[in-house]
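coords-v7.pdb, holding PDB, C-alpha atoms:
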ATOM      1  CA  MET B  76       0.000   0.000   0.000
ATOM      2  CA  GLU B  77       1.277   3.456  -0.886
ATOM      3  CA  ARG B  78       2.295   5.532   2.100
ATOM      4  CA  PRO B  79       0.328   8.754   2.690
ATOM      5  CA  LEU B  80       2.012  12.128   2.618
ATOM      6  CA  ASP B  81       3.796  13.168   5.786
ATOM      7  CA  ARG B  82       2.096  16.428   6.688
ATOM      8  CA  ASN B  83       4.481  17.038   9.580
ATOM      9  CA  SER B  84       7.594  16.794   7.405
ATOM     10  CA  TYR B  85       9.741  19.779   6.520
ATOM     11  CA  VAL B  86       9.573  18.523   2.907
ATOM     12  CA  PRO B  87       6.779  20.404   1.090
ATOM     13  CA  LEU B  88       3.781  18.341   0.035
ATOM     14  CA  TYR B  89       4.368  19.024  -3.652
ATOM     15  CA  ALA B  90       7.954  17.732  -3.327
ATOM     16  CA  GLN B  91       6.699  14.541  -1.647
ATOM     17  CA  ILE B  92       4.286  13.968  -4.553
ATOM     18  CA  GLN B  93       7.087  14.713  -7.005
ATOM     19  CA  GLN B  94       9.274  12.084  -5.311
ATOM     20  CA  LYS B  95       6.501   9.485  -5.402
ATOM     21  CA  LEU B  96       5.951  10.038  -9.110
ATOM     22  CA  ARG B  97       9.706   9.970  -9.761
ATOM     23  CA  GLN B  98       9.958   6.596  -8.025
ATOM     24  CA  MET B  99       7.058   5.237 -10.113
ATOM     25  CA  ILE B 100       8.808   6.397 -13.288
ATOM     26  CA  ASP B 101      12.183   4.980 -12.188
ATOM     27  CA  ARG B 102      10.592   1.603 -11.387
ATOM     28  CA  GLY B 103       8.884   1.508 -14.773
ATOM     29  CA  GLU B 104       5.389   1.629 -13.282
ATOM     30  CA  ILE B 105       4.692   4.504 -15.665
ATOM     31  CA  ALA B 106       6.379   3.766 -18.993
ATOM     32  CA  PRO B 107       7.941   6.347 -21.337
ATOM     33  CA  GLY B 108       5.205   7.985 -23.381
ATOM     34  CA  ALA B 109       2.493   6.978 -20.896
ATOM     35  CA  PRO B 110       0.364   9.631 -19.158
ATOM     36  CA  VAL B 111       0.962  10.552 -15.539
ATOM     37  CA  PRO B 112      -1.996  11.307 -13.210
ATOM     38  CA  SER B 113      -3.603  14.665 -13.849
ATOM     39  CA  GLU B 114      -3.716  17.549 -11.387
ATOM     40  CA  ARG B 115      -7.245  16.541 -10.393
ATOM     41  CA  GLU B 116      -6.290  12.892  -9.907
ATOM     42  CA  LEU B 117      -3.256  13.789  -7.798
ATOM     43  CA  ALA B 118      -5.271  16.240  -5.710
ATOM     44  CA  GLU B 119      -7.899  13.596  -4.968
ATOM     45  CA  ARG B 120      -5.368  10.811  -4.332
ATOM     46  CA  TYR B 121      -3.236  12.759  -1.881
ATOM     47  CA  GLY B 122      -5.817  15.122  -0.419
ATOM     48  CA  VAL B 123      -4.079  18.307  -1.582
ATOM     49  CA  SER B 124      -5.092  21.351  -3.567
ATOM     50  CA  ARG B 125      -4.785  21.339  -7.341
ATOM     51  CA  MET B 126      -2.205  24.098  -7.009
ATOM     52  CA  THR B 127       0.001  21.739  -4.951
ATOM     53  CA  ALA B 128      -0.488  18.975  -7.540
ATOM     54  CA  ARG B 129       0.380  21.465 -10.284
ATOM     55  CA  GLN B 130       3.636  22.336  -8.493
ATOM     56  CA  ALA B 131       4.606  18.650  -8.364
ATOM     57  CA  LEU B 132       4.051  18.212 -12.090
ATOM     58  CA  ARG B 133       5.913  21.448 -12.851
ATOM     59  CA  ALA B 134       8.901  20.215 -10.828
ATOM     60  CA  LEU B 135       8.933  16.954 -12.799
ATOM     61  CA  ARG B 136       8.879  18.906 -16.067
ATOM     62  CA  GLN B 137      11.793  21.037 -14.899
ATOM     63  CA  ASP B 138      13.719  17.807 -14.177
ATOM     64  CA  GLY B 139      13.008  16.641 -17.725
ATOM     65  CA  LEU B 140      11.119  13.552 -16.546
ATOM     66  CA  VAL B 141       7.769  14.499 -18.062
ATOM     67  CA  TYR B 142       6.439  16.768 -20.779
ATOM     68  CA  ARG B 143       3.111  18.455 -21.266
ATOM     69  CA  GLU B 144       0.899  18.374 -24.347
ATOM     70  CA  ARG B 145      -1.443  21.344 -24.125
ATOM     71  CA  GLY B 146      -5.062  20.238 -23.930
ATOM     72  CA  ILE B 147      -4.109  16.548 -23.721
ATOM     73  CA  GLY B 148      -2.119  15.882 -20.560
ATOM     74  CA  THR B 149       1.316  15.211 -19.077
ATOM     75  CA  PHE B 150       3.409  12.246 -20.236
ATOM     76  CA  VAL B 151       6.599  10.475 -19.169
ATOM     77  CA  ALA B 152       9.545  11.622 -21.282
ATOM     78  CA  ARG B 153      11.753   9.119 -23.029
ATOM     79  CA  ARG B 154      15.260   8.743 -21.646
ATOM     80  CA  LYS B 155      17.685  11.121 -23.316
ATOM     81  CA  VAL B 156      20.581   9.858 -25.401
ATOM     82  CA  ASP B 157      23.998  11.165 -24.395
ATOM     83  CA  LEU B 158      25.579  13.299 -27.090
ATOM     84  CA  HIS B 159      29.174  12.054 -26.907
ATOM     85  CA  THR B 160      31.025  14.749 -28.798
ATOM     86  CA  ARG B 161      34.310  13.005 -27.950
ATOM     87  CA  ASN B 162      33.622   9.997 -30.161
ATOM     88  CA  LEU B 163      34.232  10.151 -33.905
ATOM     89  CA  VAL B 164      31.471   7.811 -35.022
ATOM     90  CA  GLY B 165      28.521   8.262 -37.335
ATOM     91  CA  PHE B 166      24.868   8.200 -36.365
ATOM     92  CA  THR B 167      24.327   4.645 -37.632
ATOM     93  CA  GLU B 168      27.138   3.143 -35.578
ATOM     94  CA  ASP B 169      26.283   5.258 -32.547
ATOM     95  CA  MET B 170      22.661   4.078 -32.447
ATOM     96  CA  ARG B 171      23.629   0.436 -32.934
ATOM     97  CA  LEU B 172      26.090   0.677 -30.043
ATOM     98  CA  ARG B 173      23.191   1.881 -27.887
ATOM     99  CA  GLY B 174      20.992  -1.039 -28.909
ATOM    100  CA  LEU B 175      18.713   1.145 -31.046
ATOM    101  CA  ARG B 176      17.650   0.529 -34.651
ATOM    102  CA  PRO B 177      18.946   3.360 -36.876
ATOM    103  CA  SER B 178      17.264   4.469 -40.072
ATOM    104  CA  SER B 179      17.349   7.502 -42.341
ATOM    105  CA  LYS B 180      15.071   9.449 -44.649
ATOM    106  CA  LEU B 181      16.861  11.100 -47.549
ATOM    107  CA  ILE B 182      15.723  14.703 -47.929
ATOM    108  CA  LEU B 183      18.320  16.046 -50.376
ATOM    109  CA  LEU B 184      21.307  14.785 -52.370
ATOM    110  CA  ARG B 185      22.777  16.975 -55.059
ATOM    111  CA  ARG B 186      26.046  18.138 -56.520
ATOM    112  CA  GLU B 187      26.599  21.873 -56.129
ATOM    113  CA  LYS B 188      29.188  24.650 -56.075
ATOM    114  CA  VAL B 189      30.623  25.265 -52.632
ATOM    115  CA  THR B 190      30.028  28.544 -50.799
ATOM    116  CA  GLN B 191      32.760  30.617 -49.155
ATOM    117  CA  GLN B 192      32.070  29.345 -45.636
ATOM    118  CA  ILE B 193      32.034  25.646 -46.533
ATOM    119  CA  ALA B 194      35.034  26.119 -48.826
ATOM    120  CA  ASN B 195      37.015  27.559 -45.921
ATOM    121  CA  GLU B 196      36.038  24.642 -43.685
ATOM    122  CA  LEU B 197      36.921  22.017 -46.284
ATOM    123  CA  GLY B 198      40.063  23.754 -47.498
ATOM    124  CA  ILE B 199      38.944  23.930 -51.124
ATOM    125  CA  GLU B 200      38.416  26.772 -53.577
ATOM    126  CA  VAL B 201      35.142  28.658 -53.725
ATOM    127  CA  GLY B 202      33.098  27.255 -56.600
ATOM    128  CA  GLY B 203      34.523  23.764 -56.206
ATOM    129  CA  ASP B 204      32.146  20.815 -56.413
ATOM    130  CA  VAL B 205      30.689  19.231 -53.288
ATOM    131  CA  PHE B 206      27.907  16.786 -52.570
ATOM    132  CA  HIS B 207      25.238  18.354 -50.385
ATOM    133  CA  LEU B 208      23.431  15.664 -48.416
ATOM    134  CA  GLU B 209      20.523  16.156 -46.007
ATOM    135  CA  ARG B 210      18.963  13.321 -44.029
ATOM    136  CA  LEU B 211      16.489  12.889 -41.216
ATOM    137  CA  ARG B 212      17.992  10.424 -38.738
ATOM    138  CA  LEU B 213      15.719   8.122 -36.745
ATOM    139  CA  ALA B 214      16.144   5.589 -33.940
ATOM    140  CA  ASP B 215      13.521   2.873 -33.523
ATOM    141  CA  GLY B 216      11.367   4.905 -35.893
ATOM    142  CA  THR B 217      11.544   8.117 -33.846
ATOM    143  CA  PRO B 218      13.032  11.288 -35.414
ATOM    144  CA  MET B 219      16.212  12.151 -33.527
ATOM    145  CA  ALA B 220      18.300  14.514 -35.646
ATOM    146  CA  TYR B 221      18.510  16.392 -38.945
ATOM    147  CA  GLU B 222      21.895  16.245 -40.689
ATOM    148  CA  SER B 223      23.312  18.479 -43.424
ATOM    149  CA  ASN B 224      26.600  17.163 -44.883
ATOM    150  CA  TYR B 225      29.054  18.593 -47.420
ATOM    151  CA  VAL B 226      31.638  16.249 -48.975
ATOM    152  CA  PRO B 227      34.153  17.231 -51.705
ATOM    153  CA  VAL B 228      33.218  15.458 -54.943
ATOM    154  CA  ASP B 229      36.809  14.497 -55.732
ATOM    155  CA  LEU B 230      36.957  12.376 -52.562
ATOM    156  CA  CYS B 231      33.898  10.322 -53.449
ATOM    157  CA  PRO B 232      32.732  11.089 -57.018
ATOM    158  CA  ASP B 233      30.098   8.328 -57.024
ATOM    159  CA  LEU B 234      28.441   9.201 -53.717
ATOM    160  CA  ASP B 235      25.116   9.818 -55.432
ATOM    161  CA  GLN B 236      25.081   6.195 -56.606
ATOM    162  CA  TYR B 237      24.697   4.794 -53.081
ATOM    163  CA  ASP B 238      21.504   4.209 -51.136
ATOM    164  CA  LEU B 239      22.074   6.771 -48.407
ATOM    165  CA  GLU B 240      18.835   5.911 -46.644
ATOM    166  CA  ARG B 241      20.229   2.470 -45.806
ATOM    167  CA  ASP B 242      23.989   2.905 -46.013
ATOM    168  CA  SER B 243      26.380   4.775 -43.741
ATOM    169  CA  LEU B 244      28.290   7.727 -45.211
ATOM    170  CA  TYR B 245      31.293   6.943 -43.026
ATOM    171  CA  ARG B 246      31.252   3.294 -44.150
ATOM    172  CA  ILE B 247      31.215   4.380 -47.790
ATOM    173  CA  LEU B 248      34.122   6.777 -47.292
ATOM    174  CA  GLU B 249      36.224   4.291 -45.323
ATOM    175  CA  GLU B 250      35.484   0.940 -46.948
ATOM    176  CA  GLU B 251      34.715   1.943 -50.533
ATOM    177  CA  HIS B 252      37.162   4.851 -50.949
ATOM    178  CA  GLY B 253      39.859   4.162 -48.374
ATOM    179  CA  ILE B 254      39.378   7.456 -46.563
ATOM    180  CA  ARG B 255      40.340   7.036 -42.908
ATOM    181  CA  MET B 256      38.860   9.499 -40.442
ATOM    182  CA  GLN B 257      41.358  10.657 -37.864
ATOM    183  CA  SER B 258      40.001  13.676 -35.983
ATOM    184  CA  ALA B 259      37.323  16.340 -35.932
ATOM    185  CA  ASP B 260      36.619  19.833 -34.659
ATOM    186  CA  GLU B 261      33.182  20.386 -33.157
ATOM    187  CA  ILE B 262      31.105  23.306 -31.959
ATOM    188  CA  LEU B 263      28.061  22.641 -29.754
ATOM    189  CA  GLU B 264      25.348  25.284 -29.478
ATOM    190  CA  ALA B 265      21.874  25.582 -28.014
ATOM    191  CA  ALA B 266      19.292  26.913 -30.455
ATOM    192  CA  ARG B 267      15.629  26.904 -31.399
ATOM    193  CA  ALA B 268      14.333  24.652 -34.140
ATOM    194  CA  PRO B 269      13.698  26.463 -37.447
ATOM    195  CA  ARG B 270      10.255  25.799 -38.865
ATOM    196  CA  ASP B 271      11.455  23.858 -41.931
ATOM    197  CA  LYS B 272      13.496  21.416 -39.788
ATOM    198  CA  ALA B 273      11.029  21.197 -36.907
ATOM    199  CA  ARG B 274       8.402  19.535 -39.069
ATOM    200  CA  TYR B 275      10.802  16.733 -39.970
ATOM    201  CA  LEU B 276      11.794  16.278 -36.320
ATOM    202  CA  SER B 277       8.138  16.149 -35.221
ATOM    203  CA  ILE B 278       8.588  19.079 -32.844
ATOM    204  CA  ARG B 279       7.175  22.570 -32.763
ATOM    205  CA  ALA B 280       9.014  25.405 -34.478
ATOM    206  CA  GLY B 281      11.079  27.221 -31.878
ATOM    207  CA  SER B 282      11.500  24.157 -29.662
ATOM    208  CA  PRO B 283      14.910  23.805 -27.980
ATOM    209  CA  VAL B 284      17.505  21.886 -29.996
ATOM    210  CA  LEU B 285      21.189  21.100 -29.748
ATOM    211  CA  VAL B 286      23.242  21.967 -32.833
ATOM    212  CA  VAL B 287      26.609  20.336 -33.482
ATOM    213  CA  HIS B 288      28.819  21.632 -36.297
ATOM    214  CA  ARG B 289      31.595  19.165 -37.092
ATOM    215  CA  VAL B 290      34.487  19.279 -39.546
ATOM    216  CA  VAL B 291      36.078  15.838 -39.974
ATOM    217  CA  TYR B 292      39.705  15.307 -41.027
ATOM    218  CA  GLY B 293      41.355  12.268 -42.588
ATOM    219  CA  ASP B 294      44.605  10.661 -41.486
ATOM    220  CA  ASN B 295      46.413  12.858 -44.039
ATOM    221  CA  GLY B 296      45.087  16.014 -42.376
ATOM    222  CA  ARG B 297      42.666  16.892 -45.167
ATOM    223  CA  ALA B 298      39.115  17.951 -44.311
ATOM    224  CA  ILE B 299      36.731  15.362 -45.718
ATOM    225  CA  GLU B 300      33.360  16.492 -44.423
ATOM    226  CA  SER B 301      31.518  19.462 -42.955
ATOM    227  CA  VAL B 302      28.308  18.485 -41.188
ATOM    228  CA  ARG B 303      25.746  20.424 -39.207
ATOM    229  CA  THR B 304      23.406  18.293 -37.107
ATOM    230  CA  ILE B 305      20.283  19.499 -35.317
ATOM    231  CA  TYR B 306      19.411  17.234 -32.374
ATOM    232  CA  ARG B 307      16.092  17.208 -30.535
ATOM    233  CA  ALA B 308      16.823  18.560 -27.057
ATOM    234  CA  ASP B 309      14.100  16.358 -25.585
ATOM    235  CA  ARG B 310      15.946  13.260 -26.801
ATOM    236  CA  TYR B 311      19.606  14.294 -26.326
ATOM    237  CA  ARG B 312      21.822  15.723 -23.643
ATOM    238  CA  ALA B 313      25.492  16.665 -23.833
ATOM    239  CA  THR B 314      27.857  15.056 -21.315
ATOM    240  CA  PHE B 315      31.490  15.949 -20.689
ATOM    241  CA  HIS B 316      34.314  14.479 -18.629
ATOM    242  CA  LEU B 317      36.625  17.091 -17.133
ATOM    243  CA  THR B 318      40.004  16.703 -15.450
ATOM    244  CA  LYS B 319      41.994  19.293 -13.562
ATOM    245  CA  ASN B 320      45.163  20.388 -15.275
ATOM    246  CA  THR B 321      48.336  20.367 -13.250
ATOM    247  CA  LEU B 322      49.894  23.824 -13.413
TER     248      LEU B 322
END
Rewrite the structure from the file as structure tokens, please.
Amino acid sequence: MERPLDRNSYVPLYAQIQQKLRQMIDRGEIAPGAPVPSERELAERYGVSRMTARQALRALRQDGLVYRERGIGTFVARRKVDLHTRNLVGFTEDMRLRGLRPSSKLILLRREKVTQQIANELGIEVGGDVFHLERLRLADGTPMAYESNYVPVDLCPDLDQYDLERDSLYRILEEEHGIRMQSADEILEAARAPRDKARYLSIRAGSPVLVVHRVVYGDNGRAIESVRTIYRADRYRATFHLTKNTL
């Protein structure tokens, strides 16, 4: 039997309800995507005001454990995937390592003249030929990220002949063209989802997203790819390991 709230405790009633719901979520009693009790249900169950119940749900949302769909209810959030910016792996390999089923939807693949910014990043002349590739990346059928890649045509002139919805770009570069990835520079930023990308990611325009801009270098030091990836902030978090330098 569930213990009643301790009304003599220094812990506020809303925080006690928050803890009870957190424990239910942690134990799997309320599965990801499932609704949590409403304000009215919580108020009746624990004998508190709806304002107190509302505070408990707000605290859970602030912890990222639940999310609210206006006019529908509050639901348990799916566990976030760690965005390991230290690992030079592609989306396909990364998802498989996590036990998830990766898939892609090809949005754009064309050969075009490179702009000044991308030319600088890739170390090629303005007006040189690149493949511009855009894909929606999914895990277990759920949209996770939107990728925009630029690859010099001379490195992989037949890139447009591959099935890039089912094949890995990094596999093609390494196994088919002998291009070994060695290192990368990355920039991580917080942003809001632009309308044209939000619809692919199944989120509202302006929703929080994480944006990673990566330039990948081969073992000969040449830049082989510039990629900008927009990650859903409700499905990803960035984690870092820090050590203290000895001065």
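Atom pair atom CA of B:Leu132 / atom CA of B:Pro269: separated by 28.4 Å.
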Per residue of stretch 265-295 of chain B within 12 Å of stretch 224-235 of chain B, note the shortest atom pair and the distance in Å to one decimal, counting only C-alpha atoms, and order the rows by chain and increasing residue number, as a Markdown table.
| residue | atom | partner | partner_atom | distance |
| --- | --- | --- | --- | --- |
| B:Val287 | CA | B:Asn224 | CA | 11.8 |
| B:His288 | CA | B:Asn224 | CA | 9.9 |
| B:Arg289 | CA | B:Asn224 | CA | 9.5 |
| B:Val290 | CA | B:Tyr225 | CA | 9.6 |
| B:Val291 | CA | B:Val226 | CA | 10.0 |
| B:Tyr292 | CA | B:Val226 | CA | 11.4 |
| B:Gly293 | CA | B:Leu230 | CA | 10.9 |
When distances are computed from all atoms listed in the file, which of B:Ile182, B:Thr127, B:Arg143, B:Ile254 shows the smallest separation from B:Glu114?
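Answer, going by the shortest atom-to-atom distance: B:Thr127.
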In the coordinates of the file, take the point (6.0, 16.9, -3.9) and a cut-off of 12 Å; then, counting all atoms listed in the file, name each qualifying protein, DNA or RNA residue as a ChimeraX atom specification.
/B:79-82,84-98,117-118,121,123-124,126-135
Quick one: apply the PyMOL selection byres ((chain B and resi 284) around 9) to the file and drop the selected residues here as a list of chain:residue names.
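Given this file, the PyMOL selection byres ((chain B and resi 284) around 9) evaluates to B:Glu264, B:Ala265, B:Ala266, B:Arg267, B:Ala268, B:Gly281, B:Ser282, B:Pro283, B:Leu285, B:Val286, B:Ile305, B:Tyr306, B:Arg307, B:Ala308, B:Asp309, B:Tyr311.
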In Å to one decimal, how far is atom CA of B:Gly139 from atom CA of B:Pro107?
12.0 Å
Smallest atom-to-atom distance to B:Arg241: which of B:Val205, B:Leu276, B:Leu175, B:Leu181, using only C-alpha atoms?
B:Leu181
Which residues match the PyMOL selection byres ((chain B and resi 102-106) around 12) in the file above, as a ChimeraX atom specification?
/B:95-101,107-112,140-141,149-154
Protein, DNA and RNA residues within 12 Å of (22.1, 16.9, -48.2), only C-alpha atoms, as a compact mmCIF listing (two decimals) with C-alpha atoms, keeping the file's coordinate frame:
# COMPACT_ATOMS: atom_id res chain seq x y z
CA LYS B 180 15.07 9.45 -44.65
CA LEU B 181 16.86 11.10 -47.55
CA ILE B 182 15.72 14.70 -47.93
CA LEU B 183 18.32 16.05 -50.38
CA LEU B 184 21.31 14.78 -52.37
CA ARG B 185 22.78 16.98 -55.06
CA ARG B 186 26.05 18.14 -56.52
CA GLU B 187 26.60 21.87 -56.13
CA VAL B 205 30.69 19.23 -53.29
CA PHE B 206 27.91 16.79 -52.57
CA HIS B 207 25.24 18.35 -50.38
CA LEU B 208 23.43 15.66 -48.42
CA GLU B 209 20.52 16.16 -46.01
CA ARG B 210 18.96 13.32 -44.03
CA LEU B 211 16.49 12.89 -41.22
CA TYR B 221 18.51 16.39 -38.94
CA GLU B 222 21.90 16.24 -40.69
CA SER B 223 23.31 18.48 -43.42
CA ASN B 224 26.60 17.16 -44.88
CA TYR B 225 29.05 18.59 -47.42
CA VAL B 226 31.64 16.25 -48.98
CA LEU B 234 28.44 9.20 -53.72
CA ASP B 235 25.12 9.82 -55.43
CA LEU B 239 22.07 6.77 -48.41
CA GLU B 240 18.84 5.91 -46.64
CA LEU B 244 28.29 7.73 -45.21
CA GLU B 300 33.36 16.49 -44.42
CA SER B 301 31.52 19.46 -42.96
CA VAL B 302 28.31 18.48 -41.19
CA ARG B 303 25.75 20.42 -39.21
CA THR B 304 23.41 18.29 -37.11
Can you tell me, as an MDAnalysis selection string, what residues are no more than 7 Å from B:Asp294 when counting only C-alpha atoms, ignoring any on the same chain fewer than 5 positions away?
chainID B and resid 255:257
With the PyMOL selection byres ((chain B and resi 177) around 6) as the selection, what would be picked from this file? Answer as a VMD selection string, please.
chain B and resid 167 170 176 178 213 to 214
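With distances restricted to all atoms listed in the file, B:Arg310 is the closest residue to B:Ser277 from B:Arg120, B:Arg145, B:Arg171, B:Arg310.
What separates atom CA of B:Arg297 from atom CA of B:Ser258 is a distance of 10.1 Å.
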Using all atoms listed in the file for the distances, tell me which of B:Asp260, B:Asp238, B:Asp169, B:Glu119 is nearest to B:Glu196.
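Nearest candidate to B:Glu196 out of B:Asp260, B:Asp238, B:Asp169, B:Glu119: B:Asp260.
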Given all atoms listed in the file as the counted atoms, nearest of B:Ser113, B:Glu168, B:Asn195, B:Ala280 to B:Arg125:
B:Ser113
